[in-house]
>>> print(open('protein.cif').read())   # mmCIF, C-alpha atoms
data_protein
#
loop_
_atom_site.label_atom_id
_atom_site.label_comp_id
_atom_site.auth_asym_id
_atom_site.auth_seq_id
_atom_site.Cartn_x
_atom_site.Cartn_y
_atom_site.Cartn_z
CA MET A 13 17.75 -5.47 15.85
CA PHE A 14 18.30 -5.59 12.12
CA ARG A 15 21.56 -7.45 12.32
CA ASN A 16 20.01 -10.59 10.98
CA LEU A 17 18.53 -10.40 7.49
CA ARG A 18 15.66 -12.72 8.37
CA PHE A 19 13.98 -9.88 10.25
CA PRO A 20 14.08 -7.06 7.72
CA ILE A 21 12.90 -9.32 4.93
CA SER A 22 9.87 -10.38 6.91
CA LEU A 23 9.14 -6.91 8.18
CA LEU A 24 9.63 -5.25 4.85
CA LEU A 25 7.37 -7.65 3.05
CA LEU A 26 4.64 -6.59 5.41
CA ALA A 27 5.71 -2.98 5.21
CA ALA A 28 5.55 -3.20 1.43
CA ALA A 29 2.04 -4.54 1.77
CA VAL A 30 0.87 -1.61 3.81
CA LEU A 31 2.88 0.87 1.79
CA ILE A 32 1.16 -0.07 -1.43
CA ALA A 33 -2.21 -0.22 0.20
CA GLY A 34 -3.02 3.07 -1.42
CA CYS A 35 -2.60 1.56 -4.84
CA GLY A 36 -5.55 0.04 -6.61
CA GLY A 37 -5.15 -3.11 -8.64
CA LYS A 38 -6.63 -6.41 -9.72
CA GLY A 39 -6.43 -9.40 -7.47
CA ALA A 40 -7.57 -12.99 -7.33
CA ALA A 41 -11.25 -13.92 -7.26
CA SER A 42 -11.31 -14.19 -3.48
CA PRO A 43 -8.16 -12.48 -2.21
CA GLN A 44 -9.43 -12.31 1.35
CA GLY A 45 -10.06 -16.06 1.30
CA VAL A 46 -6.50 -16.63 0.14
CA VAL A 47 -5.24 -14.48 3.00
CA ALA A 48 -7.29 -16.40 5.57
CA GLU A 49 -5.95 -19.67 4.20
CA ALA A 50 -2.39 -18.36 4.30
CA PHE A 51 -2.77 -17.30 7.93
CA ASP A 52 -4.15 -20.77 8.74
CA ASP A 53 -1.12 -22.33 7.06
CA LEU A 54 1.17 -20.03 9.02
CA ARG A 55 -0.50 -20.99 12.29
CA ALA A 56 -0.20 -24.67 11.40
CA GLN A 57 3.46 -24.23 10.55
CA VAL A 58 4.11 -22.46 13.85
CA ALA A 59 2.29 -25.21 15.75
CA GLN A 60 4.37 -27.86 14.02
CA VAL A 61 7.75 -26.16 14.24
CA VAL A 62 7.81 -24.53 17.69
CA VAL A 63 8.26 -27.39 20.11
CA ASP A 64 8.14 -25.49 23.39
CA ALA A 65 4.49 -25.25 24.44
CA GLU A 66 4.68 -21.84 26.04
CA ARG A 67 6.54 -20.26 23.15
CA ARG A 68 4.24 -22.02 20.69
CA ASP A 69 1.14 -20.55 22.33
CA THR A 70 2.74 -17.13 22.35
CA ALA A 71 3.71 -17.41 18.69
CA ILE A 72 0.23 -18.52 17.64
CA GLU A 73 -1.32 -15.66 19.59
CA LEU A 74 0.98 -13.30 17.73
CA VAL A 75 -0.09 -14.75 14.38
CA ASP A 76 -3.70 -14.24 15.49
CA ARG A 77 -2.86 -10.63 16.29
CA LEU A 78 -1.21 -10.15 12.92
CA GLU A 79 -4.34 -11.45 11.22
CA ARG A 80 -6.59 -9.17 13.26
CA ASP A 81 -4.37 -6.17 12.54
CA TYR A 82 -4.31 -7.02 8.86
CA GLY A 83 -8.12 -7.37 8.81
CA ALA A 84 -8.50 -3.99 10.46
CA LEU A 85 -6.11 -2.45 7.95
CA TYR A 86 -7.95 -4.01 5.01
CA ASP A 87 -11.33 -2.78 6.25
CA GLY A 88 -9.97 0.67 7.03
CA VAL A 89 -8.27 1.11 3.68
CA GLN A 90 -11.33 -0.13 1.83
CA GLU A 91 -13.61 2.22 3.74
CA ARG A 92 -11.38 5.27 3.31
CA ARG A 93 -10.74 4.60 -0.36
CA THR A 94 -14.48 4.37 -0.95
CA ARG A 95 -15.00 7.62 0.93
CA LEU A 96 -12.17 9.30 -0.97
CA ARG A 97 -13.56 8.32 -4.35
CA ALA A 98 -17.02 9.47 -3.31
CA LEU A 99 -15.60 12.77 -2.11
CA HIS A 100 -13.69 13.23 -5.34
CA ALA A 101 -16.88 12.53 -7.29
CA ASN A 102 -18.55 15.35 -5.36
CA TYR A 103 -18.16 18.43 -7.56
CA ASP A 104 -18.35 20.68 -4.50
CA ALA A 105 -15.70 18.88 -2.43
CA THR A 106 -13.08 21.22 -1.03
CA ARG A 107 -9.33 20.81 -1.21
CA GLU A 108 -9.18 20.68 2.56
CA GLN A 109 -11.65 17.78 2.66
CA LEU A 110 -9.66 15.80 0.11
CA VAL A 111 -6.31 16.47 1.78
CA ASP A 112 -7.69 15.53 5.20
CA LEU A 113 -9.09 12.24 3.97
CA ALA A 114 -5.97 11.34 1.99
CA ASP A 115 -3.90 12.11 5.09
CA GLN A 116 -6.13 9.88 7.21
CA LEU A 117 -5.63 7.01 4.80
CA GLU A 118 -1.87 7.45 4.76
CA ALA A 119 -1.84 7.67 8.55
CA ASP A 120 -3.67 4.34 8.72
CA VAL A 121 -1.06 2.75 6.50
CA ARG A 122 1.83 4.17 8.51
CA GLU A 123 0.32 3.05 11.80
CA ALA A 124 -0.28 -0.41 10.39
CA ARG A 125 3.32 -0.60 9.29
CA ARG A 126 4.44 0.32 12.80
CA THR A 127 2.17 -2.07 14.69
CA THR A 128 2.68 -5.03 12.39
CA GLY A 129 6.40 -4.45 12.50
CA LEU A 130 6.33 -4.61 16.28
CA THR A 131 4.26 -7.77 16.23
CA HIS A 132 6.70 -9.36 13.82
CA ARG A 133 9.53 -8.53 16.18
CA GLU A 134 7.66 -10.27 18.99
CA LEU A 135 6.95 -13.27 16.78
CA MET A 136 10.61 -13.59 15.90
CA ALA A 137 11.59 -13.20 19.54
CA ALA A 138 9.26 -16.07 20.40
CA THR A 139 11.05 -18.41 17.99
CA THR A 140 14.57 -19.68 17.65
CA ALA A 141 16.60 -18.98 14.53
CA GLU A 142 16.04 -22.53 13.32
CA GLU A 143 12.32 -22.36 13.97
CA TRP A 144 12.04 -19.04 12.21
CA ALA A 145 13.88 -20.42 9.20
CA SER A 146 11.20 -23.09 8.97
CA ILE A 147 8.36 -20.62 9.45
CA ARG A 148 9.68 -17.99 7.08
CA LYS A 149 8.32 -19.60 3.93
CA ALA A 150 4.76 -19.70 5.31
CA ASN A 151 5.19 -16.17 6.61
CA THR A 152 6.28 -14.95 3.18
CA LYS A 153 3.31 -16.68 1.55
CA THR A 154 0.98 -14.95 4.02
CA MET A 155 2.50 -11.55 3.33
CA LYS A 156 2.24 -12.07 -0.43
CA ALA A 157 -1.44 -12.96 -0.05
CA ALA A 158 -1.97 -9.88 2.09
CA ILE A 159 -0.31 -7.69 -0.53
CA ALA A 160 -2.51 -9.14 -3.27
CA ALA A 161 -5.67 -8.61 -1.23
CA LEU A 162 -4.80 -5.00 -0.45
CA GLN A 163 -4.04 -4.37 -4.11
CA SER A 164 -7.43 -5.76 -5.06
CA ILE A 165 -9.30 -3.04 -3.15
CA MET B 12 14.58 -13.89 -4.24
CA LEU B 13 12.73 -12.21 -1.39
CA VAL B 14 14.67 -9.01 -1.84
CA ALA B 15 13.75 -9.10 -5.50
CA LEU B 16 10.13 -9.46 -4.52
CA ILE B 17 10.26 -6.41 -2.28
CA VAL B 18 11.86 -4.32 -4.97
CA THR B 19 9.41 -5.60 -7.57
CA LEU B 20 6.53 -4.58 -5.35
CA LEU B 21 7.89 -1.08 -5.07
CA LEU B 22 8.87 -0.80 -8.71
CA GLY B 23 5.94 -2.55 -10.29
CA GLY B 24 3.16 -1.78 -7.89
CA GLY B 25 1.77 0.93 -10.09
CA SER B 26 1.32 4.49 -8.99
CA ILE B 27 1.42 4.73 -5.21
CA SER B 28 -1.55 6.94 -4.69
CA VAL B 29 -5.19 7.05 -3.91
CA MET B 30 -5.90 9.69 -6.53
CA ASP B 31 -4.15 8.47 -9.65
CA TYR B 32 -7.23 6.73 -10.98
CA ILE B 33 -8.54 10.16 -12.01
CA ALA B 34 -5.91 10.25 -14.73
CA ASP B 35 -7.43 7.13 -16.24
CA THR B 36 -10.54 8.94 -17.44
CA LYS B 37 -8.92 10.12 -20.68
CA LYS B 38 -11.10 8.01 -22.94
CA ASP B 39 -14.33 9.04 -21.18
CA LEU B 40 -13.30 12.66 -21.13
CA LYS B 41 -12.94 12.73 -24.92
CA THR B 42 -16.56 11.66 -25.21
CA VAL B 43 -18.08 13.71 -22.42
CA ILE B 44 -16.52 17.12 -23.15
CA VAL B 45 -17.47 18.20 -26.65
CA GLU B 46 -16.19 21.77 -26.57
CA PRO B 47 -12.69 21.65 -28.15
CA ASP B 48 -10.99 24.29 -26.01
CA ARG B 49 -12.14 22.91 -22.67
CA ARG B 50 -11.54 19.36 -23.80
CA GLY B 51 -8.00 20.22 -24.85
CA SER B 52 -7.30 21.96 -21.57
CA ALA B 53 -8.73 19.06 -19.56
CA MET B 54 -6.70 16.59 -21.58
CA SER B 55 -3.58 18.57 -20.82
CA THR B 56 -4.35 18.31 -17.12
CA LEU B 57 -4.85 14.56 -17.37
CA LYS B 58 -1.53 14.35 -19.18
CA ALA B 59 0.09 16.25 -16.32
CA MET B 60 -1.48 13.83 -13.85
CA LYS B 61 -0.09 10.87 -15.78
CA LYS B 62 3.31 12.52 -15.83
CA ARG B 63 3.18 13.15 -12.09
CA ALA B 64 2.11 9.55 -11.44
CA ALA B 65 5.01 8.33 -13.58
CA ALA B 66 7.39 10.48 -11.56
CA MET B 67 6.00 8.97 -8.37
CA ASN B 68 6.58 5.51 -9.73
CA LYS B 69 10.15 6.47 -10.52
CA GLN B 70 10.54 7.73 -6.96
CA ALA B 71 9.14 4.45 -5.66
CA GLY B 72 11.73 2.66 -7.75
CA LYS B 73 14.46 4.65 -6.08
CA SER B 74 13.04 3.76 -2.67
CA GLY B 75 13.08 0.13 -3.71
CA LYS B 76 16.71 0.32 -4.71
CA ARG B 77 17.59 1.97 -1.41
CA LEU B 78 15.78 -0.80 0.45
CA LYS B 79 17.57 -3.45 -1.54
CA LYS B 80 20.92 -1.85 -0.83
CA ALA B 81 20.09 -1.48 2.87
CA LEU B 82 19.07 -5.11 3.14
CA GLN B 83 22.46 -6.19 1.89
CA GLN B 84 24.09 -4.58 4.92
CA HIS B 85 24.61 -6.91 7.84
CA ASP B 86 24.73 -4.05 10.32
CA LEU B 87 21.39 -2.66 9.24
CA THR B 88 19.66 -0.61 11.92
CA ASP B 89 16.08 0.36 12.66
CA ALA B 90 16.99 3.99 12.11
CA ALA B 91 18.34 3.31 8.63
CA ILE B 92 15.16 1.54 7.56
CA ASP B 93 12.94 4.14 9.20
CA GLU B 94 14.75 6.89 7.33
CA ILE B 95 13.97 5.20 4.01
CA TRP B 96 10.30 4.78 4.84
CA THR B 97 10.01 8.33 6.22
CA ALA B 98 11.39 9.73 2.98
CA HIS B 99 9.12 7.51 0.95
CA PHE B 100 6.00 8.48 2.88
CA ALA B 101 6.94 12.15 2.53
CA SER B 102 7.07 11.73 -1.24
CA ILE B 103 3.64 10.10 -1.14
CA ASP B 104 2.27 13.06 0.86
CA GLN B 105 3.61 15.50 -1.70
CA PHE B 106 2.29 13.37 -4.54
CA ASN B 107 -1.22 13.29 -3.07
CA ARG B 108 -1.21 17.08 -2.68
CA ASP B 109 0.02 17.58 -6.23
CA MET B 110 -2.65 15.25 -7.57
CA ILE B 111 -5.34 17.02 -5.57
CA ASP B 112 -4.16 20.36 -6.99
CA LEU B 113 -4.39 18.89 -10.48
CA ARG B 114 -7.83 17.54 -9.65
CA PHE B 115 -9.00 21.11 -9.03
CA GLN B 116 -7.24 22.29 -12.17
CA LEU B 117 -9.20 19.63 -14.06
CA LYS B 118 -12.43 20.76 -12.42
CA ASN B 119 -11.93 24.24 -13.86
CA ASP B 120 -12.50 22.77 -17.33
CA VAL B 121 -15.38 20.46 -16.46
CA THR B 122 -19.00 21.40 -15.82
CA ARG B 123 -20.96 19.93 -12.93
CA ASP B 124 -22.91 17.68 -15.30
CA GLU B 125 -19.78 16.50 -17.09
CA TRP B 126 -18.12 15.80 -13.75
CA GLN B 127 -21.04 13.65 -12.76
CA GLN B 128 -20.78 11.71 -16.03
CA LEU B 129 -17.05 11.20 -15.57
CA PHE B 130 -16.87 10.37 -11.89
CA GLY B 131 -20.41 9.85 -10.61
CA PRO B 132 -22.00 6.47 -9.87
CA GLN B 133 -22.33 4.36 -13.00
#
>>> encode(input="protein.cif", output="structure tokens")
Amino acid sequence: MFRNLRFPISLLLLAAAVLIAGCGGKGAASPQGVVAEAFDDLRAQVAQVVVDAERRDTAIELVDRLERDYGALYDGVQERRTRLRALHANYDATREQLVDLADQLEADVREARRTTGLTHRELMAATTAEEWASIRKANTKTMKAAIAALQSI
Amino acid sequence: MLVALIVTLLLGGGSISVMDYIADTKKDLKTVIVEPDRRGSAMSTLKAMKKRAAAMNKQAGKSGKRLKKALQQHDLTDAAIDEIWTAHFASIDQFNRDMIDLRFQLKNDVTRDEWQQLFGPQ
């Protein structure tokens, strides 16, 4: 599965995005807008590069799924981080409450890493090596935008 | 270039935690806690939190190097990558627990009112 470097690079970019989701940071003015634009570019690139209609539809559906999964991750991380900070601010919060919530957040990130990794595998399987080489740049741009948006939470 | 990006993200992504922001209250804490003994003790705890966060960053750097090395192998397997991530997530779990413990150590030196000033809504 990992015998071709094109796969781990793509997967690990996304994995890095979800891994660092627990880290706060400063992002662009509208990081979510940048992500949406990057996904649009990725879809357009897939539509242009994948010539077989059936595989093209499949690939675009997979990009749609990646965007939905990313959106769910973003919302989930944002919600849990807000809850965690609020809980920390509560003088009477218990250790158990804080550990449970931190664990929930980490579990979200791990699950996102797993599901997005699987979707990436499917996306790669739906493209030829040549097609993927053409798509990879747009895919990398999308993952970088996703990383920046998650850091901005 | 892409490998470098991955490693940079792991190395330079800051402290990989949801709790490390607590350690950034040093300046506020100096103002809010006026009693020298408690302030000194609380500052020591914040220093410990910073130190722990730095150690986590160092650990993340090691994970990044392992990833980079793994990616250079043409016979890379799912299991090899999973092992790296599993170890990394385990270190994050331990880090979160350590930071939570330090959070309660900090609380021992901070009154309810001071806590509200430090961490409550602005």
>>> residues_around(input="protein.cif", residues="region 37-47 of chain B", least_positions_apart="4", cutoff="12 Å", atoms="only C-alpha atoms", output="list in words")
Tyr32, Ile33, Gly51, Ser52, Ala53, Met54, Ser55, Thr56, Leu57, Lys58, Ala59, Met60, Lys61, Leu117, Lys118, Asp120, Val121, Thr122, Arg123, Asp124, Glu125, Trp126, Gln127, Gln128, Leu129 and Phe130 of chain B
>>> residues_around(input="protein.cif", residues="region 52-64 of chain A", least_positions_apart="5", cutoff="6 Å", atoms="only C-alpha atoms", output="NGL selection string")
:A and (72 or 143 or 150)
>>> write_last_selection(input="protein.cif", atoms="C-alpha atoms", output="PDB file, in the coordinates of the input")
ATOM      1  CA  ILE A  72       0.230 -18.520  17.640  1.00  0.00           C
ATOM      2  CA  GLU A 143      12.320 -22.360  13.970  1.00  0.00           C
ATOM      3  CA  ALA A 150       4.760 -19.700   5.310  1.00  0.00           C
TER       4      ALA A 150
END
>>> resolve_selection(input="protein.cif", expression="the PyMOL selection byres ((chain A and resi 95-101) around 7)", output="count of residues only")
11
>>> atom_distance(input="protein.cif", atom1="CA of Ala124 (chain A)", atom2="CA of Leu85 (chain A)")
6.6 Å
>>> residues_around(input="protein.cif", residues="Glu108 (chain A)", least_positions_apart="4", cutoff="12 Å", atoms="only C-alpha atoms", output="JSON, numbers by chain")
{"A": [99, 100, 104, 112, 113, 114, 115], "B": [108, 111, 112, 115]}
>>> atom_distance(input="protein.cif", atom1="CA of Gln105 (chain B)", atom2="CA of Lys156 (chain A)")
27.6 Å
>>> closest_residue(input="protein.cif", among="A:Ala48, A:Arg107, A:Arg77, A:Ala157", to="Gln116 (chain B)", atoms="only C-alpha atoms")
A:Arg107
>>> closest_residue(input="protein.cif", among="B:Leu113, B:Ala101, B:Ile95, B:Ala90", to="Gly75 (chain B)", atoms="all atoms listed in the file")
B:Ile95
>>> atom_distance(input="protein.cif", atom1="CA of Glu73 (chain A)", atom2="CA of Leu135 (chain A)")
9.1 Å
>>> closest_residue(input="protein.cif", among="A:Ala145, A:Ala158, A:Arg126, A:Val111", to="chain B", atoms="all atoms listed in the file")
A:Val111
>>> closest_residue(input="protein.cif", among="A:Ser42, A:Gln90, A:Thr154, A:Thr106", to="Val121 (chain A)", atoms="all atoms listed in the file")
A:Gln90
>>> residues_around(input="protein.cif", residues="Leu78 (chain A)", least_positions_apart="6", cutoff="10 Å", atoms="all atoms listed in the file", output="number ranges by chain")
A: 51, 72, 84, 127-132, 135
>>> closest_residue(input="protein.cif", among="A:Val47, A:Ala160, A:Ala138, A:Leu110", to="chain B", atoms="only C-alpha atoms")
A:Leu110
>>> closest_residue(input="protein.cif", among="A:Ala119, A:Met136, A:Ala141, A:Ala161", to="chain B", atoms="all atoms listed in the file")
A:Ala119
>>> residues_around(input="protein.cif", residues="Phe106 (chain B)", least_positions_apart="4", cutoff="7 Å", atoms="all atoms listed in the file", output="list in words")
Met67, Ser102 and Met110 of chain B
>>> residues_near_point(input="protein.cif", point="(8.3, 10.7, -10.8)", cutoff="12 Å", atoms="only C-alpha atoms", output="list in words")
Leu22, Gly25, Ser26, Ile27, Ala59, Met60, Lys61, Lys62, Arg63, Ala64, Ala65, Ala66, Met67, Asn68, Lys69, Gln70, Ala71, Gly72, Lys73, Ser74, Ser102, Ile103, Gln105, Phe106 and Asp109 of chain B
>>> build_atoms(input="protein.cif", residues="region 135-152 of chain A", atoms="N, CA and C atoms", output="PDB file, keeping the file's coordinate frame")
ATOM      1  N   LEU A 135       7.062 -11.913  17.320  1.00  0.00           N
ATOM      2  CA  LEU A 135       6.950 -13.270  16.780  1.00  0.00           C
ATOM      3  C   LEU A 135       8.346 -13.877  16.601  1.00  0.00           C
ATOM      4  N   MET A 136       9.253 -13.080  16.094  1.00  0.00           N
ATOM      5  CA  MET A 136      10.610 -13.590  15.900  1.00  0.00           C
ATOM      6  C   MET A 136      11.281 -13.859  17.231  1.00  0.00           C
ATOM      7  N   ALA A 137      10.997 -13.002  18.215  1.00  0.00           N
ATOM      8  CA  ALA A 137      11.590 -13.200  19.540  1.00  0.00           C
ATOM      9  C   ALA A 137      11.063 -14.463  20.211  1.00  0.00           C
ATOM     10  N   ALA A 138       9.870 -14.877  19.803  1.00  0.00           N
ATOM     11  CA  ALA A 138       9.260 -16.070  20.400  1.00  0.00           C
ATOM     12  C   ALA A 138       9.752 -17.355  19.743  1.00  0.00           C
ATOM     13  N   THR A 139      10.554 -17.221  18.692  1.00  0.00           N
ATOM     14  CA  THR A 139      11.050 -18.410  17.990  1.00  0.00           C
ATOM     15  C   THR A 139      12.581 -18.406  17.976  1.00  0.00           C
ATOM     16  N   THR A 140      13.123 -19.586  17.827  1.00  0.00           N
ATOM     17  CA  THR A 140      14.570 -19.680  17.650  1.00  0.00           C
ATOM     18  C   THR A 140      14.907 -19.410  16.180  1.00  0.00           C
ATOM     19  N   ALA A 141      16.180 -19.234  15.913  1.00  0.00           N
ATOM     20  CA  ALA A 141      16.600 -18.980  14.530  1.00  0.00           C
ATOM     21  C   ALA A 141      16.219 -20.136  13.619  1.00  0.00           C
ATOM     22  N   GLU A 142      16.385 -21.336  14.126  1.00  0.00           N
ATOM     23  CA  GLU A 142      16.040 -22.530  13.320  1.00  0.00           C
ATOM     24  C   GLU A 142      14.543 -22.594  13.069  1.00  0.00           C
ATOM     25  N   GLU A 143      13.784 -22.320  14.125  1.00  0.00           N
ATOM     26  CA  GLU A 143      12.320 -22.360  13.970  1.00  0.00           C
ATOM     27  C   GLU A 143      11.866 -21.297  12.970  1.00  0.00           C
ATOM     28  N   TRP A 144      12.448 -20.119  13.102  1.00  0.00           N
ATOM     29  CA  TRP A 144      12.040 -19.040  12.210  1.00  0.00           C
ATOM     30  C   TRP A 144      12.370 -19.380  10.753  1.00  0.00           C
ATOM     31  N   ALA A 145      13.501 -20.025  10.569  1.00  0.00           N
ATOM     32  CA  ALA A 145      13.880 -20.420   9.200  1.00  0.00           C
ATOM     33  C   ALA A 145      12.822 -21.346   8.608  1.00  0.00           C
ATOM     34  N   SER A 146      12.228 -22.173   9.444  1.00  0.00           N
ATOM     35  CA  SER A 146      11.200 -23.090   8.970  1.00  0.00           C
ATOM     36  C   SER A 146       9.859 -22.390   8.743  1.00  0.00           C
ATOM     37  N   ILE A 147       9.633 -21.349   9.525  1.00  0.00           N
ATOM     38  CA  ILE A 147       8.360 -20.620   9.450  1.00  0.00           C
ATOM     39  C   ILE A 147       8.369 -19.586   8.329  1.00  0.00           C
ATOM     40  N   ARG A 148       9.555 -19.136   7.976  1.00  0.00           N
ATOM     41  CA  ARG A 148       9.680 -17.990   7.080  1.00  0.00           C
ATOM     42  C   ARG A 148       8.944 -18.160   5.761  1.00  0.00           C
ATOM     43  N   LYS A 149       8.970 -19.371   5.212  1.00  0.00           N
ATOM     44  CA  LYS A 149       8.320 -19.600   3.930  1.00  0.00           C
ATOM     45  C   LYS A 149       6.798 -19.357   4.041  1.00  0.00           C
ATOM     46  N   ALA A 150       6.204 -19.900   5.104  1.00  0.00           N
ATOM     47  CA  ALA A 150       4.760 -19.700   5.310  1.00  0.00           C
ATOM     48  C   ALA A 150       4.470 -18.235   5.592  1.00  0.00           C
ATOM     49  N   ASN A 151       5.373 -17.584   6.311  1.00  0.00           N
ATOM     50  CA  ASN A 151       5.190 -16.170   6.610  1.00  0.00           C
ATOM     51  C   ASN A 151       5.229 -15.341   5.318  1.00  0.00           C
ATOM     52  N   THR A 152       6.173 -15.665   4.449  1.00  0.00           N
ATOM     53  CA  THR A 152       6.280 -14.950   3.180  1.00  0.00           C
ATOM     54  C   THR A 152       5.021 -15.152   2.335  1.00  0.00           C
TER      55      THR A 152
END
